[in-house]
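Chemist: Handing over upload31.pdb, PDB, C-alpha atoms and all ligand atoms.
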```pdb
ATOM      1  CA  MET A 294     -22.520 -39.124 -58.277  1.00  0.00           C
ATOM      2  CA  LEU A 295     -24.802 -38.707 -55.261  1.00  0.00           C
ATOM      3  CA  ASP A 296     -23.236 -40.498 -52.290  1.00  0.00           C
ATOM      4  CA  ILE A 297     -25.871 -40.452 -49.567  1.00  0.00           C
ATOM      5  CA  VAL A 298     -23.969 -42.805 -47.277  1.00  0.00           C
ATOM      6  CA  GLY A 299     -20.735 -40.803 -47.559  1.00  0.00           C
ATOM      7  CA  ASN A 300     -22.633 -37.531 -47.087  1.00  0.00           C
ATOM      8  CA  LEU A 301     -24.289 -38.881 -43.944  1.00  0.00           C
ATOM      9  CA  GLU A 302     -20.881 -39.836 -42.575  1.00  0.00           C
ATOM     10  CA  SER A 303     -19.427 -36.385 -43.165  1.00  0.00           C
ATOM     11  CA  VAL A 304     -22.447 -34.582 -41.692  1.00  0.00           C
ATOM     12  CA  LYS A 305     -22.177 -36.791 -38.613  1.00  0.00           C
ATOM     13  CA  LYS A 306     -18.466 -35.949 -38.334  1.00  0.00           C
ATOM     14  CA  ARG A 307     -19.309 -32.238 -38.543  1.00  0.00           C
ATOM     15  CA  ILE A 308     -21.861 -32.663 -35.765  1.00  0.00           C
ATOM     16  CA  GLN A 309     -19.363 -34.534 -33.580  1.00  0.00           C
ATOM     17  CA  LEU A 310     -16.722 -31.867 -34.110  1.00  0.00           C
ATOM     18  CA  ALA A 311     -19.152 -29.065 -33.264  1.00  0.00           C
ATOM     19  CA  GLN A 312     -20.241 -30.938 -30.136  1.00  0.00           C
ATOM     20  CA  ALA A 313     -16.645 -31.428 -29.024  1.00  0.00           C
ATOM     21  CA  GLN A 314     -15.745 -27.787 -29.712  1.00  0.00           C
ATOM     22  CA  SER A 315     -18.573 -26.540 -27.542  1.00  0.00           C
ATOM     23  CA  GLY A 316     -17.913 -29.038 -24.776  1.00  0.00           C
ATOM     24  CA  ARG A 317     -21.128 -30.950 -25.337  1.00  0.00           C
ATOM     25  CA  SER A 318     -21.433 -34.682 -24.912  1.00  0.00           C
ATOM     26  CA  THR A 319     -21.473 -36.985 -27.920  1.00  0.00           C
ATOM     27  CA  ASP A 320     -25.018 -37.940 -28.928  1.00  0.00           C
ATOM     28  CA  SER A 321     -26.507 -34.724 -27.487  1.00  0.00           C
ATOM     29  CA  VAL A 322     -27.625 -33.730 -31.015  1.00  0.00           C
ATOM     30  CA  ILE A 323     -30.070 -35.680 -33.177  1.00  0.00           C
ATOM     31  CA  LEU A 324     -29.575 -35.585 -36.927  1.00  0.00           C
ATOM     32  CA  LEU A 325     -32.859 -35.069 -38.762  1.00  0.00           C
ATOM     33  CA  ALA A 326     -32.334 -35.968 -42.430  1.00  0.00           C
ATOM     34  CA  VAL A 327     -34.586 -33.667 -44.466  1.00  0.00           C
ATOM     35  CA  SER A 328     -35.809 -35.764 -47.381  1.00  0.00           C
ATOM     36  CA  LYS A 329     -38.471 -33.433 -48.869  1.00  0.00           C
ATOM     37  CA  THR A 330     -38.742 -33.707 -52.673  1.00  0.00           C
ATOM     38  CA  LYS A 331     -36.458 -36.776 -52.616  1.00  0.00           C
ATOM     39  CA  PRO A 332     -37.646 -40.248 -53.690  1.00  0.00           C
ATOM     40  CA  ALA A 333     -38.272 -43.126 -51.289  1.00  0.00           C
ATOM     41  CA  GLU A 334     -35.202 -44.957 -52.675  1.00  0.00           C
ATOM     42  CA  ASP A 335     -32.958 -42.189 -51.302  1.00  0.00           C
ATOM     43  CA  ILE A 336     -34.577 -42.481 -47.874  1.00  0.00           C
ATOM     44  CA  ILE A 337     -34.162 -46.255 -47.922  1.00  0.00           C
ATOM     45  CA  ARG A 338     -30.457 -45.870 -48.673  1.00  0.00           C
ATOM     46  CA  ALA A 339     -30.128 -43.612 -45.638  1.00  0.00           C
ATOM     47  CA  ILE A 340     -32.090 -46.073 -43.479  1.00  0.00           C
ATOM     48  CA  GLU A 341     -29.756 -48.883 -44.559  1.00  0.00           C
ATOM     49  CA  ALA A 342     -26.853 -46.688 -43.422  1.00  0.00           C
ATOM     50  CA  GLY A 343     -28.422 -46.404 -39.960  1.00  0.00           C
ATOM     51  CA  GLN A 344     -30.332 -43.094 -40.224  1.00  0.00           C
ATOM     52  CA  ARG A 345     -33.615 -43.134 -38.268  1.00  0.00           C
ATOM     53  CA  CYS A 346     -35.139 -39.596 -38.214  1.00  0.00           C
ATOM     54  CA  PHE A 347     -36.503 -37.998 -41.387  1.00  0.00           C
ATOM     55  CA  GLY A 348     -37.987 -34.549 -41.988  1.00  0.00           C
ATOM     56  CA  GLU A 349     -40.648 -33.773 -44.586  1.00  0.00           C
ATOM     57  CA  SER A 350     -42.352 -30.511 -45.603  1.00  0.00           C
ATOM     58  CA  TYR A 351     -45.117 -31.441 -48.043  1.00  0.00           C
ATOM     59  CA  VAL A 352     -47.961 -33.445 -46.547  1.00  0.00           C
ATOM     60  CA  GLN A 353     -49.202 -35.553 -49.435  1.00  0.00           C
ATOM     61  CA  GLU A 354     -45.723 -36.346 -50.723  1.00  0.00           C
ATOM     62  CA  ALA A 355     -44.644 -37.298 -47.214  1.00  0.00           C
ATOM     63  CA  VAL A 356     -47.641 -39.527 -46.503  1.00  0.00           C
ATOM     64  CA  ASP A 357     -47.101 -41.400 -49.779  1.00  0.00           C
ATOM     65  CA  LYS A 358     -43.483 -42.079 -48.812  1.00  0.00           C
ATOM     66  CA  ILE A 359     -44.379 -43.065 -45.231  1.00  0.00           C
ATOM     67  CA  ARG A 360     -46.916 -45.584 -46.575  1.00  0.00           C
ATOM     68  CA  GLN A 361     -44.346 -46.951 -48.988  1.00  0.00           C
ATOM     69  CA  ILE A 362     -41.463 -47.190 -46.498  1.00  0.00           C
ATOM     70  CA  GLY A 363     -43.472 -47.935 -43.372  1.00  0.00           C
ATOM     71  CA  ARG A 364     -42.904 -46.871 -39.828  1.00  0.00           C
ATOM     72  CA  GLY A 365     -40.931 -49.563 -38.003  1.00  0.00           C
ATOM     73  CA  ASP A 366     -38.446 -47.777 -35.809  1.00  0.00           C
ATOM     74  CA  ILE A 367     -38.324 -44.741 -38.127  1.00  0.00           C
ATOM     75  CA  GLU A 368     -39.317 -41.328 -36.730  1.00  0.00           C
ATOM     76  CA  TRP A 369     -41.131 -39.045 -39.159  1.00  0.00           C
ATOM     77  CA  HIS A 370     -40.958 -35.296 -38.460  1.00  0.00           C
ATOM     78  CA  PHE A 371     -43.160 -32.726 -40.193  1.00  0.00           C
ATOM     79  CA  ILE A 372     -41.276 -29.428 -40.649  1.00  0.00           C
ATOM     80  CA  GLY A 373     -43.264 -27.511 -43.292  1.00  0.00           C
ATOM     81  CA  PRO A 374     -46.051 -24.925 -43.234  1.00  0.00           C
ATOM     82  CA  ILE A 375     -49.375 -26.392 -42.000  1.00  0.00           C
ATOM     83  CA  GLN A 376     -52.710 -25.748 -43.679  1.00  0.00           C
ATOM     84  CA  SER A 377     -55.668 -26.596 -41.446  1.00  0.00           C
ATOM     85  CA  ASN A 378     -57.228 -28.929 -44.006  1.00  0.00           C
ATOM     86  CA  LYS A 379     -54.043 -31.066 -43.883  1.00  0.00           C
ATOM     87  CA  SER A 380     -53.755 -31.252 -40.104  1.00  0.00           C
ATOM     88  CA  ARG A 381     -55.458 -34.636 -39.796  1.00  0.00           C
ATOM     89  CA  LEU A 382     -52.977 -36.347 -42.125  1.00  0.00           C
ATOM     90  CA  ILE A 383     -50.155 -34.794 -40.119  1.00  0.00           C
ATOM     91  CA  ALA A 384     -51.650 -35.761 -36.746  1.00  0.00           C
ATOM     92  CA  GLU A 385     -52.114 -39.380 -37.812  1.00  0.00           C
ATOM     93  CA  ASN A 386     -48.883 -40.003 -39.711  1.00  0.00           C
ATOM     94  CA  PHE A 387     -46.053 -38.204 -37.958  1.00  0.00           C
ATOM     95  CA  ASN A 388     -44.155 -38.625 -34.666  1.00  0.00           C
ATOM     96  CA  TRP A 389     -43.144 -34.970 -34.453  1.00  0.00           C
ATOM     97  CA  VAL A 390     -44.300 -31.601 -35.806  1.00  0.00           C
ATOM     98  CA  HIS A 391     -41.762 -28.743 -35.670  1.00  0.00           C
ATOM     99  CA  SER A 392     -43.769 -26.019 -37.368  1.00  0.00           C
ATOM    100  CA  VAL A 393     -46.708 -25.210 -35.088  1.00  0.00           C
ATOM    101  CA  ASP A 394     -47.110 -21.425 -34.921  1.00  0.00           C
ATOM    102  CA  ARG A 395     -50.733 -20.854 -33.979  1.00  0.00           C
ATOM    103  CA  LEU A 396     -53.172 -22.203 -31.423  1.00  0.00           C
ATOM    104  CA  LYS A 397     -55.822 -23.264 -33.915  1.00  0.00           C
ATOM    105  CA  ILE A 398     -53.400 -25.710 -35.556  1.00  0.00           C
ATOM    106  CA  ALA A 399     -52.220 -27.053 -32.193  1.00  0.00           C
ATOM    107  CA  GLN A 400     -55.848 -27.670 -31.174  1.00  0.00           C
ATOM    108  CA  ARG A 401     -56.617 -29.491 -34.401  1.00  0.00           C
ATOM    109  CA  LEU A 402     -53.519 -31.687 -34.072  1.00  0.00           C
ATOM    110  CA  SER A 403     -54.488 -32.557 -30.511  1.00  0.00           C
ATOM    111  CA  ASP A 404     -58.113 -33.309 -31.483  1.00  0.00           C
ATOM    112  CA  GLN A 405     -57.076 -35.392 -34.487  1.00  0.00           C
ATOM    113  CA  ARG A 406     -54.312 -37.439 -32.910  1.00  0.00           C
ATOM    114  CA  LEU A 407     -55.652 -41.002 -32.629  1.00  0.00           C
ATOM    115  CA  GLU A 408     -56.505 -42.446 -29.213  1.00  0.00           C
ATOM    116  CA  ASP A 409     -54.169 -45.414 -29.570  1.00  0.00           C
ATOM    117  CA  GLN A 410     -51.193 -43.263 -30.553  1.00  0.00           C
ATOM    118  CA  PRO A 411     -48.789 -41.682 -28.061  1.00  0.00           C
ATOM    119  CA  PRO A 412     -49.098 -37.895 -27.776  1.00  0.00           C
ATOM    120  CA  LEU A 413     -47.733 -36.045 -30.814  1.00  0.00           C
ATOM    121  CA  ASN A 414     -44.403 -34.308 -30.117  1.00  0.00           C
ATOM    122  CA  ILE A 415     -44.617 -30.614 -30.947  1.00  0.00           C
ATOM    123  CA  CYS A 416     -42.203 -27.723 -31.366  1.00  0.00           C
ATOM    124  CA  LEU A 417     -43.396 -24.152 -31.674  1.00  0.00           C
ATOM    125  CA  GLN A 418     -41.868 -22.360 -34.653  1.00  0.00           C
ATOM    126  CA  VAL A 419     -40.520 -18.931 -33.726  1.00  0.00           C
ATOM    127  CA  ASN A 420     -39.736 -16.115 -36.167  1.00  0.00           C
ATOM    128  CA  VAL A 421     -36.558 -15.107 -34.306  1.00  0.00           C
ATOM    129  CA  SER A 422     -35.308 -12.696 -36.964  1.00  0.00           C
ATOM    130  CA  ASP A 423     -38.704 -10.989 -37.208  1.00  0.00           C
ATOM    131  CA  GLU A 424     -38.862 -11.431 -40.982  1.00  0.00           C
ATOM    132  CA  GLU A 425     -42.149 -10.454 -42.631  1.00  0.00           C
ATOM    133  CA  SER A 426     -42.003 -13.313 -45.107  1.00  0.00           C
ATOM    134  CA  LYS A 427     -41.401 -16.091 -42.592  1.00  0.00           C
ATOM    135  CA  SER A 428     -43.817 -18.252 -40.715  1.00  0.00           C
ATOM    136  CA  GLY A 429     -43.412 -18.558 -36.984  1.00  0.00           C
ATOM    137  CA  ILE A 430     -44.787 -16.773 -33.975  1.00  0.00           C
ATOM    138  CA  SER A 431     -43.002 -13.660 -32.719  1.00  0.00           C
ATOM    139  CA  LEU A 432     -40.865 -13.862 -29.583  1.00  0.00           C
ATOM    140  CA  ASP A 433     -43.344 -11.497 -27.875  1.00  0.00           C
ATOM    141  CA  GLU A 434     -46.346 -13.713 -28.508  1.00  0.00           C
ATOM    142  CA  LEU A 435     -44.567 -16.996 -27.802  1.00  0.00           C
ATOM    143  CA  PRO A 436     -45.214 -17.309 -24.037  1.00  0.00           C
ATOM    144  CA  ALA A 437     -48.997 -16.989 -24.433  1.00  0.00           C
ATOM    145  CA  LEU A 438     -49.033 -19.603 -27.200  1.00  0.00           C
ATOM    146  CA  ALA A 439     -46.879 -21.959 -25.130  1.00  0.00           C
ATOM    147  CA  GLU A 440     -49.158 -21.549 -22.120  1.00  0.00           C
ATOM    148  CA  ALA A 441     -52.210 -22.532 -24.191  1.00  0.00           C
ATOM    149  CA  VAL A 442     -50.508 -25.425 -25.989  1.00  0.00           C
ATOM    150  CA  ILE A 443     -49.304 -27.018 -22.746  1.00  0.00           C
ATOM    151  CA  LYS A 444     -52.926 -27.670 -21.788  1.00  0.00           C
ATOM    152  CA  LEU A 445     -53.821 -29.664 -24.901  1.00  0.00           C
ATOM    153  CA  PRO A 446     -54.208 -33.370 -24.086  1.00  0.00           C
ATOM    154  CA  ARG A 447     -52.994 -35.281 -27.175  1.00  0.00           C
ATOM    155  CA  ILE A 448     -49.846 -33.300 -27.932  1.00  0.00           C
ATOM    156  CA  LYS A 449     -46.658 -32.858 -25.953  1.00  0.00           C
ATOM    157  CA  LEU A 450     -44.800 -29.572 -26.134  1.00  0.00           C
ATOM    158  CA  ARG A 451     -41.159 -30.624 -26.587  1.00  0.00           C
ATOM    159  CA  GLY A 452     -39.486 -27.373 -27.584  1.00  0.00           C
ATOM    160  CA  LEU A 453     -38.874 -24.594 -30.074  1.00  0.00           C
ATOM    161  CA  MET A 454     -37.854 -24.428 -33.722  1.00  0.00           C
ATOM    162  CA  ALA A 455     -36.476 -21.568 -35.827  1.00  0.00           C
ATOM    163  CA  ILE A 456     -35.199 -20.802 -39.306  1.00  0.00           C
ATOM    164  CA  PRO A 457     -33.224 -17.557 -38.763  1.00  0.00           C
ATOM    165  CA  ALA A 458     -32.424 -15.025 -41.480  1.00  0.00           C
ATOM    166  CA  LYS A 459     -29.548 -16.254 -43.664  1.00  0.00           C
ATOM    167  CA  SER A 460     -26.125 -14.996 -42.690  1.00  0.00           C
ATOM    168  CA  SER A 461     -22.646 -16.275 -43.473  1.00  0.00           C
ATOM    169  CA  TYR A 462     -21.180 -14.848 -40.273  1.00  0.00           C
ATOM    170  CA  GLN A 463     -20.948 -17.248 -37.322  1.00  0.00           C
ATOM    171  CA  ASP A 464     -21.465 -14.579 -34.693  1.00  0.00           C
ATOM    172  CA  GLU A 465     -24.647 -13.343 -36.416  1.00  0.00           C
ATOM    173  CA  GLN A 466     -25.901 -16.895 -36.763  1.00  0.00           C
ATOM    174  CA  ARG A 467     -25.154 -17.560 -33.125  1.00  0.00           C
ATOM    175  CA  SER A 468     -26.954 -14.479 -31.822  1.00  0.00           C
ATOM    176  CA  GLU A 469     -30.162 -15.545 -33.632  1.00  0.00           C
ATOM    177  CA  PHE A 470     -29.949 -19.082 -32.254  1.00  0.00           C
ATOM    178  CA  ARG A 471     -29.238 -17.708 -28.795  1.00  0.00           C
ATOM    179  CA  LYS A 472     -32.610 -15.929 -28.817  1.00  0.00           C
ATOM    180  CA  LEU A 473     -34.318 -19.301 -29.240  1.00  0.00           C
ATOM    181  CA  SER A 474     -32.352 -21.013 -26.506  1.00  0.00           C
ATOM    182  CA  GLU A 475     -32.929 -18.145 -24.082  1.00  0.00           C
ATOM    183  CA  SER A 476     -36.680 -18.275 -24.796  1.00  0.00           C
ATOM    184  CA  LEU A 477     -36.725 -21.987 -24.065  1.00  0.00           C
ATOM    185  CA  THR A 478     -35.075 -21.453 -20.690  1.00  0.00           C
ATOM    186  CA  GLN A 479     -37.368 -18.572 -19.859  1.00  0.00           C
ATOM    187  CA  ILE A 480     -40.599 -20.365 -20.797  1.00  0.00           C
ATOM    188  CA  ASN A 481     -39.569 -23.531 -18.953  1.00  0.00           C
ATOM    189  CA  HIS A 482     -39.039 -21.410 -15.875  1.00  0.00           C
ATOM    190  CA  GLN A 483     -42.193 -19.317 -16.272  1.00  0.00           C
ATOM    191  CA  PHE A 484     -44.550 -22.294 -16.633  1.00  0.00           C
ATOM    192  CA  SER A 485     -42.541 -24.898 -14.675  1.00  0.00           C
ATOM    193  CA  ILE A 486     -42.249 -27.219 -17.657  1.00  0.00           C
ATOM    194  CA  GLU A 487     -39.319 -29.136 -19.105  1.00  0.00           C
ATOM    195  CA  MET A 488     -39.119 -28.574 -22.841  1.00  0.00           C
ATOM    196  CA  ASP A 489     -35.977 -30.420 -23.952  1.00  0.00           C
ATOM    197  CA  THR A 490     -35.728 -29.654 -27.663  1.00  0.00           C
ATOM    198  CA  LEU A 491     -34.135 -26.888 -29.708  1.00  0.00           C
ATOM    199  CA  SER A 492     -34.697 -27.642 -33.401  1.00  0.00           C
ATOM    200  CA  MET A 493     -32.237 -25.328 -35.113  1.00  0.00           C
ATOM    201  CA  GLY A 494     -29.404 -25.505 -37.631  1.00  0.00           C
ATOM    202  CA  MET A 495     -29.463 -26.463 -41.316  1.00  0.00           C
ATOM    203  CA  SER A 496     -26.739 -27.339 -43.831  1.00  0.00           C
ATOM    204  CA  ASN A 497     -25.100 -23.903 -43.761  1.00  0.00           C
ATOM    205  CA  ASP A 498     -25.328 -23.026 -40.070  1.00  0.00           C
ATOM    206  CA  LEU A 499     -25.335 -26.251 -38.094  1.00  0.00           C
ATOM    207  CA  ASP A 500     -22.048 -25.473 -36.306  1.00  0.00           C
ATOM    208  CA  ALA A 501     -23.380 -22.194 -34.881  1.00  0.00           C
ATOM    209  CA  ALA A 502     -26.638 -23.894 -33.878  1.00  0.00           C
ATOM    210  CA  ILE A 503     -24.829 -26.646 -31.990  1.00  0.00           C
ATOM    211  CA  ALA A 504     -22.654 -24.082 -30.216  1.00  0.00           C
ATOM    212  CA  GLU A 505     -25.894 -22.462 -28.986  1.00  0.00           C
ATOM    213  CA  GLY A 506     -27.481 -25.671 -27.753  1.00  0.00           C
ATOM    214  CA  ALA A 507     -29.338 -27.242 -30.715  1.00  0.00           C
ATOM    215  CA  THR A 508     -30.648 -30.718 -29.883  1.00  0.00           C
ATOM    216  CA  ILE A 509     -32.013 -31.454 -33.383  1.00  0.00           C
ATOM    217  CA  VAL A 510     -30.313 -30.211 -36.555  1.00  0.00           C
ATOM    218  CA  ARG A 511     -32.284 -30.417 -39.803  1.00  0.00           C
ATOM    219  CA  ILE A 512     -30.013 -31.254 -42.729  1.00  0.00           C
ATOM    220  CA  GLY A 513     -31.268 -31.713 -46.294  1.00  0.00           C
ATOM    221  CA  SER A 514     -29.023 -30.784 -49.187  1.00  0.00           C
ATOM    222  CA  ASP A 515     -25.743 -31.813 -47.528  1.00  0.00           C
ATOM    223  CA  ILE A 516     -27.135 -35.357 -47.329  1.00  0.00           C
ATOM    224  CA  PHE A 517     -29.433 -35.783 -50.333  1.00  0.00           C
ATOM    225  CA  GLY A 518     -27.960 -33.181 -52.723  1.00  0.00           C
ATOM    226  CA  SER A 519     -29.587 -29.973 -53.905  1.00  0.00           C
ATOM    227  CA  ARG A 520     -33.303 -29.927 -54.609  1.00  0.00           C
ATOM    228  CA  ASN A 521     -34.984 -29.166 -57.953  1.00  0.00           C
ATOM    229  CA  TYR A 522     -38.541 -28.101 -57.341  1.00  0.00           C
TER     230      TYR A 522
HETATM  231  C1  LIG B   1     -35.651 -27.752 -46.306  1.00  0.00           C
HETATM  232  C2  LIG B   1     -35.551 -27.516 -44.863  1.00  0.00           C
HETATM  233  C3  LIG B   1     -34.382 -27.831 -44.163  1.00  0.00           C
HETATM  234  C4  LIG B   1     -33.134 -28.398 -44.800  1.00  0.00           C
HETATM  235  O1  LIG B   1     -32.450 -27.399 -45.469  1.00  0.00           O
HETATM  236  P1  LIG B   1     -31.033 -27.667 -46.157  1.00  0.00           P
HETATM  237  O2  LIG B   1     -30.526 -26.295 -46.438  1.00  0.00           O
HETATM  238  O3  LIG B   1     -31.296 -28.444 -47.391  1.00  0.00           O
HETATM  239  O4  LIG B   1     -30.164 -28.401 -45.194  1.00  0.00           O
HETATM  240  C5  LIG B   1     -34.372 -27.613 -42.797  1.00  0.00           C
HETATM  241  N1  LIG B   1     -35.447 -27.102 -42.146  1.00  0.00           N
HETATM  242  C6  LIG B   1     -36.580 -26.780 -42.792  1.00  0.00           C
HETATM  243  C7  LIG B   1     -37.725 -26.226 -42.024  1.00  0.00           C
HETATM  244  C8  LIG B   1     -36.659 -26.964 -44.160  1.00  0.00           C
HETATM  245  O5  LIG B   1     -37.809 -26.641 -44.790  1.00  0.00           O
END
```
Just dump the structure as structure tokens.
Ligand SMILES: *Cc1c(COP(=O)(O)O)cnc(C)c1O
Modeler:
Amino acid sequence: MLDIVGNLESVKKRIQLAQAQSGRSTDSVILLAVSKTKPAEDIIRAIEAGQRCFGESYVQEAVDKIRQIGRGDIEWHFIGPIQSNKSRLIAENFNWVHSVDRLKIAQRLSDQRLEDQPPLNICLQVNVSDEESKSGISLDELPALAEAVIKLPRIKLRGLMAIPAKSSYQDEQRSEFRKLSESLTQINHQFSIEMDTLSMGMSNDLDAAIAEGATIVRIGSDIFGSRNY
């Protein structure tokens, strides 16, 4: 039987162990529970167990669940591909967007964020493994995009996100994550900014991501079970 509360506990233990092994302080990594395709009841069970940050990938499905569950002290993170005609729903309903990979979308999110809301937290999605099929801006084009996004008034550039090519080897996983963390350092230096977020690590590679400095790990199936689309 699906045991969301038990799964949350064991994912949190894994995060704590990975933090300790890489000499990082406890609570330096935020657990984002990825609830895409899962019903509101599952999210509510996780909330009752103390979980506060949730990740969603499909706009309409997510907005329906946000309306049902409400906001309260919950943080909603959008992590899926963004179509321009859905940007307004994203700008108005989420606290964070991890998957911004072009200027046009960043501009729309900034324009559409409501006046009485705090700036929308943004991560730029980077295609670190240079895969043709993946979304994300290339490492080469990232600095120019960052420079333009910094100037937008209603969004706040918090960091970088990546979904590297799948590998079961820790050292391969780590070298992909390292590219993202080195870019963050370099861009912070180049533009004198203080991005503080590395959104990297999923169910099968969270240990490697934490060893390379992840500050948000995005975990779906290890909490809510496998997904049937
Ligand atoms: C689905 C998804 C996840 C969670 O993946 P799991 O393998 O289920 O942990 C993380 N990040 C993104 C961007 C996703 O779309």
Chemist: Which distance in Å separates CA of Asp500 (chain A) and CA of Leu438 (chain A), to one decimal?
Modeler: 29.1 Å
Chemist: List the residues matched by the PyMOL selection byres (((chain A and resi 368) around 12) and not hetatm) in the displayed structure as a VMD selection string, ordered by chain and then by residue number.
Modeler: chain A and resid 323 to 327 340 344 to 349 359 362 to 367 369 to 371 386 to 390 413 to 414
Chemist: Would you compute the box with edges along x, y and z of the file around ligand LIG 1 (chain B), including every atom the file lists for it and 4 Å extra on each side, and give its centre and edge lengths in Å to one decimal, as AutoDock Vina command-line options?
Modeler:
```
--center_x -34.0 --center_y -27.3 --center_z -44.7 --size_x 15.6 --size_y 10.2 --size_z 13.4
```
Chemist: Using the chain letters and numbers from this file, what does the PyMOL selection byres (((chain A and resi 402) around 9) and not hetatm) select? Give the answer as a list in words.
Modeler: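 Taken on the displayed file, the PyMOL selection byres (((chain A and resi 402) around 9) and not hetatm) yields the residues Ser380, Arg381, Ile383, Ala384, Glu385, Lys397, Ile398, Ala399, Gln400, Arg401, Ser403, Asp404, Gln405, Arg406, Leu413, Arg447 and Ile448 of chain A.
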Chemist: Around ligand LIG 1 (chain B), out to 7 Å and counting only C-alpha atoms and all ligand atoms, which residues are there? I want them as a PyMOL selection string.
Modeler: chain A and resi 327+329+350+372-373+456+495-497+511-515+519
Chemist: With all atoms listed in the file as the atoms that count, which of A:Leu396, A:Ala507, A:Met454, A:Leu432 lies nearest to Leu417 (chain A)?
Modeler: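 Of A:Leu396, A:Ala507, A:Met454, A:Leu432, the one nearest Leu417 (chain A), counting all atoms listed in the file, is A:Met454.
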Chemist: Using all atoms listed in the file, which residue out of A:Phe484, A:Ser377, A:Lys449, A:Ala501 lies closest to Glu465 (chain A)?
Modeler: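 Going through A:Phe484, A:Ser377, A:Lys449, A:Ala501 one by one, the smallest distance to Glu465 (chain A) is for A:Ala501.
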Chemist: Which residue gives the smallest distance to Lys472 (chain A) among A:Ile308, A:Ala502, A:Ala333, A:Val356, with only C-alpha atoms counted?
Modeler: A:Ala502
Chemist: Could you expand the PyMOL selection byres (((chain A and resi 463) around 12) and not hetatm) into the explicit residues it covers here, written as a list of chain:residue names?
Modeler: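 Those residues are A:Lys459, A:Ser460, A:Ser461, A:Tyr462, A:Asp464, A:Glu465, A:Gln466, A:Arg467, A:Ser468, A:Glu469, A:Phe470, A:Arg471, A:Gly494, A:Asn497, A:Asp498, A:Leu499, A:Asp500, A:Ala501, A:Ala502, A:Ile503, A:Ala504, A:Glu505.
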Chemist: From (-42.7, -29.6, -26.5), in the file's coordinates, out to 8 Å: which residues are reached, counting only C-alpha atoms? Answer as number ranges by chain.
Modeler: A: 414-417, 449-453, 488-490
Chemist: For a quick check of understanding, using only C-alpha atoms, which of A:Tyr351, A:Ser474, A:Pro374, A:Ile486 has the smallest distance to Thr508 (chain A)?
Modeler: A:Ser474
Chemist: Tell me, in Å to one decimal, how far CA of Leu473 (chain A) is from CA of Ala458 (chain A).
Modeler: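 Taking CA of Leu473 (chain A) and CA of Ala458 (chain A), their separation equals 13.1 Å.
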Chemist: Report, in Å to a single decimal, how far apart CA of Asn300 (chain A) and CA of Ala339 (chain A) are.
Modeler: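 Interatomic distance here is 9.8 Å.
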Chemist: Pick out the closest residue to Asp296 (chain A) from this set: A:Gln312, A:Ile509, A:Gly518, A:Gly343. Count only C-alpha atoms.
Modeler: A:Gly518
Chemist: I'd like to know which of A:Val393, A:Val510, A:Met493, A:Ile480 is closest to Val322 (chain A), using all atoms listed in the file.
Modeler: A:Val510
Chemist: I want to know what sits within 8 Å of Phe517 (chain A), based on all atoms listed in the file, with residues of the same chain fewer than 6 positions away left out; could you give that as a list in words?
Modeler: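 In the requested form, the answer reads Leu295, Ile297, Asn300, Ser328, Lys331 and Asp335 of chain A.
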